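Visitor: Dropping in start_26.cif, which is mmCIF, C-alpha atoms:
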data_input
#
loop_
_atom_site.label_atom_id
_atom_site.label_comp_id
_atom_site.auth_asym_id
_atom_site.auth_seq_id
_atom_site.Cartn_x
_atom_site.Cartn_y
_atom_site.Cartn_z
CA MET A 227 0.00 0.00 0.00
CA LYS A 228 1.31 3.43 -0.92
CA PRO A 229 1.59 6.24 1.60
CA PRO A 230 -1.41 8.58 1.73
CA LEU A 231 -1.47 11.88 -0.13
CA LEU A 232 -2.15 14.92 2.02
CA LEU A 233 -3.21 18.01 0.07
CA ILE A 234 -2.45 21.26 1.86
CA GLY A 235 -4.75 24.18 1.15
CA GLN A 236 -4.08 27.76 2.16
CA GLY A 237 -7.54 28.07 3.64
CA SER A 238 -10.50 30.29 2.93
CA GLN A 239 -13.71 31.18 4.68
CA ASP A 240 -15.42 31.13 1.31
CA ASP A 241 -17.92 28.27 0.93
CA ALA A 242 -17.50 28.04 -2.85
CA TYR A 243 -13.73 27.58 -2.57
CA ALA A 244 -14.08 25.02 0.21
CA ALA A 245 -16.66 23.07 -1.79
CA GLU A 246 -14.47 22.92 -4.89
CA PHE A 247 -11.42 21.97 -2.82
CA GLY A 248 -13.49 19.16 -1.31
CA ARG A 249 -14.66 17.96 -4.73
CA PHE A 250 -11.08 17.92 -5.95
CA VAL A 251 -9.93 15.87 -2.93
CA HIS A 252 -12.76 13.43 -3.70
CA ARG A 253 -11.69 13.23 -7.35
CA LEU A 254 -8.15 12.33 -6.32
CA ARG A 255 -9.43 9.85 -3.77
CA CYS A 256 -11.34 8.05 -6.52
CA ARG A 257 -8.33 8.13 -8.84
CA LEU A 258 -5.79 6.86 -6.29
CA ASP A 259 -8.13 4.35 -4.69
CA GLN A 260 -7.11 1.95 -7.47
CA THR A 261 -3.54 2.02 -6.16
CA GLY A 262 -4.53 1.64 -2.51
CA ALA A 263 -3.41 5.17 -1.61
CA ASP A 264 -5.56 7.21 0.74
CA VAL A 265 -6.14 10.92 0.04
CA SER A 266 -6.83 13.59 2.62
CA GLY A 267 -6.88 17.37 2.66
CA GLY A 268 -6.35 20.04 5.29
CA TYR A 269 -6.12 23.81 5.47
CA LEU A 270 -3.36 25.90 6.99
CA GLU A 271 -5.84 28.47 8.30
CA ARG A 272 -9.35 29.94 8.22
CA ALA A 273 -11.19 26.74 7.29
CA THR A 274 -11.85 23.16 8.31
CA PRO A 275 -10.58 20.53 8.27
CA ARG A 276 -7.39 22.04 9.62
CA LEU A 277 -4.12 20.48 8.55
CA SER A 278 -3.38 19.39 12.12
CA ASP A 279 -6.70 17.49 12.31
CA SER A 280 -6.11 15.74 8.99
CA VAL A 281 -2.61 14.65 10.04
CA ALA A 282 -3.89 13.42 13.42
CA SER A 283 -6.60 11.41 11.66
CA LEU A 284 -4.09 9.77 9.31
CA VAL A 285 -1.76 8.89 12.20
CA ALA A 286 -4.68 7.49 14.19
CA ARG A 287 -5.49 5.22 11.23
CA GLY A 288 -1.97 3.82 11.34
CA HIS A 289 -0.25 5.96 8.70
CA HIS A 290 3.19 7.05 9.85
CA ARG A 291 4.49 8.09 6.47
CA LEU A 292 2.74 10.33 3.98
CA VAL A 293 3.29 12.64 1.01
CA ALA A 294 2.42 16.26 1.77
CA LEU A 295 1.70 18.41 -1.26
CA PRO A 296 0.73 22.10 -1.23
CA LEU A 297 -2.21 22.67 -3.56
CA SER A 298 -0.79 25.96 -4.77
CA LEU A 299 0.10 27.59 -8.06
CA SER A 300 3.01 29.37 -6.39
CA SER A 301 6.39 27.73 -5.93
CA MET A 302 7.11 30.26 -3.16
CA VAL A 303 5.14 28.37 -0.52
CA GLU A 304 6.75 28.88 2.87
CA GLU A 305 3.91 28.14 5.28
CA ALA A 306 3.39 24.50 4.30
CA PRO A 307 6.91 23.17 5.10
CA ALA A 308 6.85 24.97 8.45
CA ALA A 309 3.41 23.55 9.23
CA MET A 310 4.53 20.01 8.40
CA ALA A 311 7.64 20.40 10.56
CA LEU A 312 5.34 21.34 13.44
CA GLU A 313 3.18 18.28 12.79
CA GLN A 314 6.26 16.09 12.95
CA GLN A 315 7.01 17.52 16.39
CA ARG A 316 3.47 16.66 17.48
CA HIS A 317 3.73 13.13 16.06
CA PRO A 318 7.33 11.88 16.54
CA THR A 319 6.65 8.69 14.56
CA LEU A 320 5.50 10.66 11.52
CA MET A 321 7.66 10.73 8.41
CA TYR A 322 6.69 12.66 5.30
CA ASP A 323 7.91 13.40 1.80
CA TYR A 324 7.22 16.87 0.51
CA GLY A 325 5.86 17.25 -3.01
CA ARG A 326 6.50 20.22 -5.28
CA PRO A 327 3.75 22.84 -5.62
CA LEU A 328 1.95 22.84 -8.95
CA GLY A 329 3.54 26.05 -10.24
CA PRO A 330 3.38 26.92 -13.95
CA ASP A 331 3.35 23.31 -15.08
CA PRO A 332 2.83 23.11 -18.87
CA ARG A 333 -0.53 21.42 -18.30
CA VAL A 334 -1.60 24.22 -15.96
CA LEU A 335 -0.71 26.76 -18.65
CA ALA A 336 -2.69 24.69 -21.17
CA LEU A 337 -5.71 24.83 -18.85
CA LEU A 338 -5.34 28.60 -18.64
CA ALA A 339 -5.29 28.67 -22.44
CA GLU A 340 -8.55 26.70 -22.50
CA ARG A 341 -10.18 29.22 -20.17
CA LEU A 342 -8.84 32.08 -22.31
CA ASN A 343 -10.13 30.55 -25.54
CA GLU A 344 -13.52 29.81 -24.00
CA ALA A 345 -13.88 33.47 -23.03
CA ALA A 346 -12.62 34.65 -26.43
CA ALA A 347 -14.92 32.35 -28.40
CA GLU A 348 -18.19 33.12 -26.63
CA ILE A 349 -20.67 35.24 -28.60
CA LEU A 350 -21.13 38.01 -26.10
CA LYS A 351 -22.37 41.57 -26.00
CA PRO A 352 -19.38 43.91 -25.79
CA ARG A 353 -19.09 46.00 -22.65
CA ALA A 354 -22.02 44.16 -21.03
CA LEU A 355 -20.33 42.94 -17.83
CA GLU A 356 -23.27 42.59 -15.46
CA LEU A 357 -23.40 41.61 -11.83
CA ALA A 358 -25.64 38.59 -11.28
CA GLY A 359 -25.48 37.82 -7.59
CA ALA A 360 -21.75 37.95 -6.89
CA ARG A 361 -20.54 37.16 -10.40
CA PRO A 362 -20.76 39.16 -13.63
CA ARG A 363 -22.22 37.55 -16.72
CA LEU A 364 -22.09 38.64 -20.33
CA ARG A 365 -25.37 38.49 -22.20
CA ALA A 366 -25.70 36.43 -25.37
CA VAL A 367 -25.97 38.22 -28.69
CA ASP A 368 -29.12 36.45 -29.83
CA SER A 369 -31.30 38.37 -27.40
CA LEU A 370 -29.96 41.80 -28.46
CA PRO A 371 -30.88 44.25 -31.21
CA VAL A 372 -28.81 44.03 -34.38
CA GLU A 373 -26.91 47.21 -33.59
CA ASP A 374 -25.66 45.68 -30.35
CA HIS A 375 -23.98 42.73 -32.02
CA PRO A 376 -20.25 42.67 -31.28
CA VAL A 377 -17.88 43.77 -34.00
CA HIS A 378 -15.14 41.43 -35.09
CA VAL A 379 -11.93 41.91 -33.12
CA GLU A 380 -8.69 40.28 -34.26
CA PRO A 381 -6.46 38.49 -31.72
CA GLY A 382 -3.83 41.16 -32.38
CA GLU A 383 -6.33 43.73 -31.10
CA THR A 384 -7.07 41.67 -28.00
CA ALA A 385 -5.00 41.89 -24.82
CA VAL A 386 -4.93 39.52 -21.86
CA VAL A 387 -4.61 40.41 -18.19
CA LEU A 388 -3.38 37.47 -16.11
CA VAL A 389 -4.38 38.06 -12.49
CA GLY A 390 -2.50 36.55 -9.56
CA GLU A 391 -3.46 36.67 -5.91
CA GLY A 392 -0.82 39.19 -4.78
CA SER A 393 1.66 38.87 -1.93
CA THR A 394 3.96 40.85 0.34
CA ASP A 395 6.74 38.57 -0.96
CA ALA A 396 8.45 40.26 -3.92
CA ALA A 397 9.69 36.91 -5.24
CA ALA A 398 6.15 35.50 -5.29
CA ASN A 399 4.91 38.54 -7.23
CA ALA A 400 7.82 38.29 -9.65
CA GLU A 401 6.85 34.68 -10.30
CA ILE A 402 3.42 35.82 -11.55
CA HIS A 403 5.13 38.15 -14.02
CA ARG A 404 7.22 35.18 -15.16
CA VAL A 405 4.06 33.09 -15.60
CA SER A 406 2.51 35.84 -17.73
CA ARG A 407 5.50 35.82 -20.04
CA LEU A 408 5.52 32.01 -20.24
CA PHE A 409 1.81 32.01 -20.98
CA TRP A 410 2.16 34.60 -23.72
CA GLU A 411 5.02 32.82 -25.46
CA THR A 412 3.54 29.32 -25.21
CA HIS A 413 -0.21 29.84 -25.60
CA ALA A 414 -1.16 33.46 -26.34
CA TYR A 415 1.41 34.84 -28.76
CA ASP A 416 -1.29 35.78 -31.28
CA PHE A 417 -2.69 38.25 -28.76
CA MET A 418 -1.45 41.82 -28.39
CA THR A 419 0.08 41.27 -24.96
CA VAL A 420 -0.31 39.46 -21.67
CA GLU A 421 -0.19 41.94 -18.81
CA THR A 422 0.11 41.05 -15.12
CA ALA A 423 -2.20 42.23 -12.34
CA PHE A 424 -3.01 41.22 -8.78
CA VAL A 425 -6.21 40.83 -6.80
CA SER A 426 -4.85 42.65 -3.77
CA VAL A 427 -1.81 43.65 -1.66
CA THR A 428 0.44 44.79 -4.49
CA PRO A 429 -0.02 46.88 -7.66
CA PRO A 430 -1.10 46.84 -10.34
CA GLY A 431 -4.63 45.79 -9.50
CA VAL A 432 -7.07 44.56 -12.12
CA PRO A 433 -8.04 48.15 -13.12
CA GLY A 434 -4.35 48.99 -13.57
CA GLY A 435 -3.83 46.01 -15.86
CA LEU A 436 -6.92 46.89 -17.89
CA GLU A 437 -5.83 50.52 -18.18
CA ARG A 438 -2.42 49.53 -19.52
CA CYS A 439 -4.08 47.37 -22.17
CA ARG A 440 -6.40 50.23 -23.14
CA ARG A 441 -3.47 52.61 -23.52
CA LEU A 442 -1.69 50.07 -25.69
CA GLY A 443 -4.66 50.25 -28.05
CA ALA A 444 -6.53 47.04 -27.22
CA LYS A 445 -10.14 46.87 -28.39
CA ARG A 446 -10.88 43.83 -26.26
CA VAL A 447 -9.33 42.63 -23.00
CA ILE A 448 -9.77 39.17 -21.52
CA VAL A 449 -9.13 38.86 -17.79
CA VAL A 450 -7.67 35.43 -16.93
CA PRO A 451 -7.54 34.58 -13.21
CA TYR A 452 -4.43 32.63 -12.24
CA LEU A 453 -6.41 30.90 -9.52
CA LEU A 454 -7.21 27.26 -8.87
CA PHE A 455 -10.77 27.42 -7.59
CA ALA A 456 -13.77 29.73 -7.62
CA GLY A 457 -14.60 31.77 -4.55
CA GLY A 458 -14.14 35.17 -3.02
CA LEU A 459 -10.93 35.99 -4.88
CA LEU A 460 -12.54 35.29 -8.25
CA GLU A 461 -15.52 37.45 -7.32
CA ARG A 462 -13.12 40.29 -6.45
CA VAL A 463 -11.41 39.94 -9.84
CA TRP A 464 -14.75 40.15 -11.62
CA ALA A 465 -15.96 43.02 -9.45
CA GLN A 466 -12.82 45.05 -10.19
CA ALA A 467 -13.20 44.37 -13.92
CA LEU A 468 -16.86 45.33 -13.73
CA ALA A 469 -16.09 48.61 -11.98
CA TYR A 470 -13.44 49.51 -14.55
CA GLY A 471 -15.69 48.56 -17.45
CA ALA A 472 -18.43 50.86 -16.18
CA GLY A 473 -16.12 53.82 -16.74
CA HIS A 474 -14.79 52.64 -20.11
CA PRO A 475 -17.82 51.61 -22.19
CA ASP A 476 -15.84 51.47 -25.45
CA LEU A 477 -13.62 48.64 -24.22
CA ASP A 478 -14.88 45.05 -24.59
CA ILE A 479 -13.93 43.32 -21.33
CA ARG A 480 -14.41 39.60 -20.83
CA CYS A 481 -13.65 37.48 -17.78
CA ALA A 482 -12.45 33.87 -17.97
CA GLU A 483 -13.14 31.18 -15.40
CA VAL A 484 -10.63 29.77 -12.92
CA ILE A 485 -8.75 26.53 -13.66
CA GLY A 486 -11.17 24.56 -11.48
CA ASP A 487 -11.60 20.96 -10.41
CA CYS A 488 -10.80 18.80 -13.46
CA GLU A 489 -9.03 15.65 -14.56
CA ILE A 490 -5.98 17.40 -16.02
CA LEU A 491 -5.34 19.21 -12.75
CA ALA A 492 -5.64 15.84 -11.00
CA ASP A 493 -3.05 14.43 -13.43
CA VAL A 494 -0.58 17.14 -12.37
CA VAL A 495 -1.13 16.45 -8.66
CA ILE A 496 -0.75 12.69 -9.11
CA ASP A 497 2.50 13.21 -11.00
CA ARG A 498 3.79 15.36 -8.13
CA TYR A 499 2.78 12.59 -5.72
CA GLU A 500 4.57 9.89 -7.73
CA GLU A 501 7.60 12.12 -8.12
CA ALA A 502 7.87 12.60 -4.35
CA LEU A 503 7.73 8.83 -3.85
CA GLN A 504 10.49 8.24 -6.38
CA LEU A 505 12.81 10.69 -4.64
CA VAL A 506 12.79 8.59 -1.49
CA PRO A 507 16.14 6.80 -1.14
#
Translate the structure of the given file into structure tokens.
Guide:
Amino acid sequence: MKPPLLLIGQGSQDDAYAAEFGRFVHRLRCRLDQTGADVSGGYLERATPRLSDSVASLVARGHHRLVALPLSLSSMVEEAPAAMALEQQRHPTLMYDYGRPLGPDPRVLALLAERLNEAAAEILKPRALELAGARPRLRAVDSLPVEDHPVHVEPGETAVVLVGEGSTDAAANAEIHRVSRLFWETHAYDFMTVETAFVSVTPPGVPGGLERCRRLGAKRVIVVPYLLFAGGLLERVWAQALAYGAGHPDLDIRCAEVIGDCEILADVVIDRYEEALQLVP
């Protein structure tokens, strides 16, 4: 029997994020059940189950070795190793192998490209970002007068704003800029540019990224969240785009979805899990 996989989440008080995290843990549990490997998940803060409770449960079930993997797009994850070191102090018999964060894996970038292309391909009313509950939606063309049909916009007239979470760590923010460049060169080179923005903490925010695209001459801008799951952060991205769009009615702004719970993301996590096992001497 293989050691269990413990997914470490940052934690959020947002129910939508927690629900999608839980669905993803279940997806991995179903996938790895064929190999006899258990899968558990725990949060570092602000949500349950807490990491400490998940570790205690695994140890109580007789697991004294596990693979801990931060479910994070950032490679600058400092909290997770420290948290696991603390758990090892609490459980002296516990041994663990630490898996690499997801980072800008080529398959993650390909998923971002899917979300970008979905947003670009939809037949939508330009400038019609509307707030429906907590999320904006763009109305379909078929229900609009002829004069409201969107004009054709070439990819070279379309800019992309890739939005990261934002951090007080300069290296973590620099990594998002690196991801934007990688994404542009590997999946979005037909577009005018891929600009970087952040949800909070550090500039530029989403409005700043949109403004730069407008000044570069973009007729359409697609906002691509560099986020794993839906929730409060995604709603903030959309809300900031909505607020900017209200003041710039001539700019067609579209918002893509997050990466989300899916099989390809599960493939990346399982590869990280197998990789951690192979590094054991």
Visitor: Running the PyMOL selection byres ((chain A and resi 337) around 10) on this model by hand, what would come out? Give it as a PDB file with C-alpha atoms, keeping the file's coordinate frame.
Guide:
ATOM      1  CA  ASP A 331       3.350  23.310 -15.080  1.00  0.00           C
ATOM      2  CA  PRO A 332       2.830  23.110 -18.870  1.00  0.00           C
ATOM      3  CA  ARG A 333      -0.530  21.420 -18.300  1.00  0.00           C
ATOM      4  CA  VAL A 334      -1.600  24.220 -15.960  1.00  0.00           C
ATOM      5  CA  LEU A 335      -0.710  26.760 -18.650  1.00  0.00           C
ATOM      6  CA  ALA A 336      -2.690  24.690 -21.170  1.00  0.00           C
ATOM      7  CA  LEU A 338      -5.340  28.600 -18.640  1.00  0.00           C
ATOM      8  CA  ALA A 339      -5.290  28.670 -22.440  1.00  0.00           C
ATOM      9  CA  GLU A 340      -8.550  26.700 -22.500  1.00  0.00           C
ATOM     10  CA  ARG A 341     -10.180  29.220 -20.170  1.00  0.00           C
ATOM     11  CA  LEU A 342      -8.840  32.080 -22.310  1.00  0.00           C
ATOM     12  CA  ASN A 343     -10.130  30.550 -25.540  1.00  0.00           C
ATOM     13  CA  VAL A 484     -10.630  29.770 -12.920  1.00  0.00           C
ATOM     14  CA  ILE A 485      -8.750  26.530 -13.660  1.00  0.00           C
ATOM     15  CA  GLY A 486     -11.170  24.560 -11.480  1.00  0.00           C
ATOM     16  CA  CYS A 488     -10.800  18.800 -13.460  1.00  0.00           C
ATOM     17  CA  ILE A 490      -5.980  17.400 -16.020  1.00  0.00           C
ATOM     18  CA  LEU A 491      -5.340  19.210 -12.750  1.00  0.00           C
TER      19      LEU A 491
END
Visitor: Tell me, in Å to one decimal, how far atom CA of A:Ala286 is from atom CA of A:Tyr499.
Guide: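 Those two atoms sit 21.9 Å apart.
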Visitor: Would you pick out the contacts of stretch 240-252 of chain A at 6 Å or less, using all atoms listed in the file, so that residues sharing its chain but fewer than 4 positions from it are not included, and give the list as a PDB file with C-alpha atoms, in the frame of the given file?
Guide:
ATOM      1  CA  PHE A 455     -10.770  27.420  -7.590  1.00  0.00           C
ATOM      2  CA  ALA A 456     -13.770  29.730  -7.620  1.00  0.00           C
ATOM      3  CA  GLY A 457     -14.600  31.770  -4.550  1.00  0.00           C
ATOM      4  CA  ASP A 487     -11.600  20.960 -10.410  1.00  0.00           C
TER       5      ASP A 487
END
Visitor: Could you tell me which of A:Leu270, A:Val427, A:Leu442, A:Ala482 comes closest to A:Glu383 if we count all atoms listed in the file?
Guide: A:Leu442
Visitor: For a quick check of understanding, using all atoms listed in the file, which of A:Ala385, A:Glu391, A:Glu501, A:Ser426 has the smallest distance to A:Ile479?
Guide: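 So, comparing all the options, the nearest one is A:Ala385.
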Visitor: Could you tell me how far atom CA of A:Leu297 lies from atom CA of A:Leu284, in Å and to one decimal?
Guide: 18.3 Å
Visitor: Could you pull the residues within 10 Å of A:Pro381, counting only C-alpha atoms, minus those fewer than 6 positions along the same chain, as an NGL selection string?
Guide: :A and (346 or 414-419 or 444-446)
Visitor: Suppose you want the space between atom CA of A:Cys256 and atom CA of A:Glu271; what is it in Å?
Guide: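 Answer for the atom CA of A:Cys256 to atom CA of A:Glu271 separation: 25.8 Å.
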Visitor: Rank A:Val389, A:Ala273, A:Leu477, A:Ile496 by their smallest atom-to-atom distance to A:Leu459, using only C-alpha atoms, and report the top residue only.
Guide: A:Val389
Visitor: Using only C-alpha atoms, pick whichever of A:Gly392, A:Gly325, A:Pro307, A:Pro451 has the shortest atom-to-atom distance to A:Pro429.
Guide: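 With only C-alpha atoms as the atom set, the closest residue is A:Gly392.
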Visitor: Could N, CA and C atoms be built for stretch 383-404 of chain A and written out as a PDB file, in the coordinates of the input?
Guide:
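Result file is part-v2.pdb:
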ATOM      1  N   GLU A 383      -5.694  42.577 -31.740  1.00  0.00           N
ATOM      2  CA  GLU A 383      -6.330  43.730 -31.100  1.00  0.00           C
ATOM      3  C   GLU A 383      -6.867  43.389 -29.712  1.00  0.00           C
ATOM      4  N   THR A 384      -6.582  42.162 -29.296  1.00  0.00           N
ATOM      5  CA  THR A 384      -7.070  41.670 -28.000  1.00  0.00           C
ATOM      6  C   THR A 384      -5.900  41.482 -27.047  1.00  0.00           C
ATOM      7  N   ALA A 385      -6.019  42.040 -25.860  1.00  0.00           N
ATOM      8  CA  ALA A 385      -5.000  41.890 -24.820  1.00  0.00           C
ATOM      9  C   ALA A 385      -5.523  40.964 -23.728  1.00  0.00           C
ATOM     10  N   VAL A 386      -4.600  40.430 -22.961  1.00  0.00           N
ATOM     11  CA  VAL A 386      -4.930  39.520 -21.860  1.00  0.00           C
ATOM     12  C   VAL A 386      -4.345  40.095 -20.574  1.00  0.00           C
ATOM     13  N   VAL A 387      -5.115  40.051 -19.512  1.00  0.00           N
ATOM     14  CA  VAL A 387      -4.610  40.410 -18.190  1.00  0.00           C
ATOM     15  C   VAL A 387      -4.643  39.149 -17.333  1.00  0.00           C
ATOM     16  N   LEU A 388      -3.474  38.635 -16.985  1.00  0.00           N
ATOM     17  CA  LEU A 388      -3.380  37.470 -16.110  1.00  0.00           C
ATOM     18  C   LEU A 388      -3.303  37.977 -14.676  1.00  0.00           C
ATOM     19  N   VAL A 389      -4.220  37.510 -13.834  1.00  0.00           N
ATOM     20  CA  VAL A 389      -4.380  38.060 -12.490  1.00  0.00           C
ATOM     21  C   VAL A 389      -3.964  37.030 -11.439  1.00  0.00           C
ATOM     22  N   GLY A 390      -2.923  37.371 -10.678  1.00  0.00           N
ATOM     23  CA  GLY A 390      -2.500  36.550  -9.560  1.00  0.00           C
ATOM     24  C   GLY A 390      -3.087  37.061  -8.259  1.00  0.00           C
ATOM     25  N   GLU A 391      -2.861  36.311  -7.197  1.00  0.00           N
ATOM     26  CA  GLU A 391      -3.460  36.670  -5.910  1.00  0.00           C
ATOM     27  C   GLU A 391      -2.828  37.915  -5.310  1.00  0.00           C
ATOM     28  N   GLY A 392      -1.510  38.056  -5.398  1.00  0.00           N
ATOM     29  CA  GLY A 392      -0.820  39.190  -4.780  1.00  0.00           C
ATOM     30  C   GLY A 392      -0.249  38.799  -3.442  1.00  0.00           C
ATOM     31  N   SER A 393       0.962  39.281  -3.148  1.00  0.00           N
ATOM     32  CA  SER A 393       1.660  38.870  -1.930  1.00  0.00           C
ATOM     33  C   SER A 393       2.564  39.997  -1.451  1.00  0.00           C
ATOM     34  N   THR A 394       2.942  39.928  -0.182  1.00  0.00           N
ATOM     35  CA  THR A 394       3.960  40.850   0.340  1.00  0.00           C
ATOM     36  C   THR A 394       5.361  40.367  -0.017  1.00  0.00           C
ATOM     37  N   ASP A 395       5.457  39.159  -0.557  1.00  0.00           N
ATOM     38  CA  ASP A 395       6.740  38.570  -0.960  1.00  0.00           C
ATOM     39  C   ASP A 395       7.037  38.986  -2.395  1.00  0.00           C
ATOM     40  N   ALA A 396       8.102  39.773  -2.570  1.00  0.00           N
ATOM     41  CA  ALA A 396       8.450  40.260  -3.920  1.00  0.00           C
ATOM     42  C   ALA A 396       8.744  39.107  -4.874  1.00  0.00           C
ATOM     43  N   ALA A 397       9.366  38.046  -4.377  1.00  0.00           N
ATOM     44  CA  ALA A 397       9.690  36.910  -5.240  1.00  0.00           C
ATOM     45  C   ALA A 397       8.428  36.223  -5.747  1.00  0.00           C
ATOM     46  N   ALA A 398       7.424  36.118  -4.879  1.00  0.00           N
ATOM     47  CA  ALA A 398       6.150  35.500  -5.290  1.00  0.00           C
ATOM     48  C   ALA A 398       5.470  36.340  -6.363  1.00  0.00           C
ATOM     49  N   ASN A 399       5.503  37.660  -6.213  1.00  0.00           N
ATOM     50  CA  ASN A 399       4.910  38.540  -7.230  1.00  0.00           C
ATOM     51  C   ASN A 399       5.678  38.467  -8.540  1.00  0.00           C
ATOM     52  N   ALA A 400       7.005  38.396  -8.437  1.00  0.00           N
ATOM     53  CA  ALA A 400       7.820  38.290  -9.650  1.00  0.00           C
ATOM     54  C   ALA A 400       7.521  37.001 -10.399  1.00  0.00           C
ATOM     55  N   GLU A 401       7.179  35.953  -9.653  1.00  0.00           N
ATOM     56  CA  GLU A 401       6.850  34.680 -10.300  1.00  0.00           C
ATOM     57  C   GLU A 401       5.602  34.821 -11.170  1.00  0.00           C
ATOM     58  N   ILE A 402       4.628  35.621 -10.741  1.00  0.00           N
ATOM     59  CA  ILE A 402       3.420  35.820 -11.550  1.00  0.00           C
ATOM     60  C   ILE A 402       3.763  36.523 -12.854  1.00  0.00           C
ATOM     61  N   HIS A 403       4.670  37.496 -12.794  1.00  0.00           N
ATOM     62  CA  HIS A 403       5.130  38.150 -14.020  1.00  0.00           C
ATOM     63  C   HIS A 403       5.802  37.124 -14.943  1.00  0.00           C
ATOM     64  N   ARG A 404       6.563  36.225 -14.355  1.00  0.00           N
ATOM     65  CA  ARG A 404       7.220  35.180 -15.160  1.00  0.00           C
ATOM     66  C   ARG A 404       6.169  34.270 -15.812  1.00  0.00           C
TER      67      ARG A 404
END
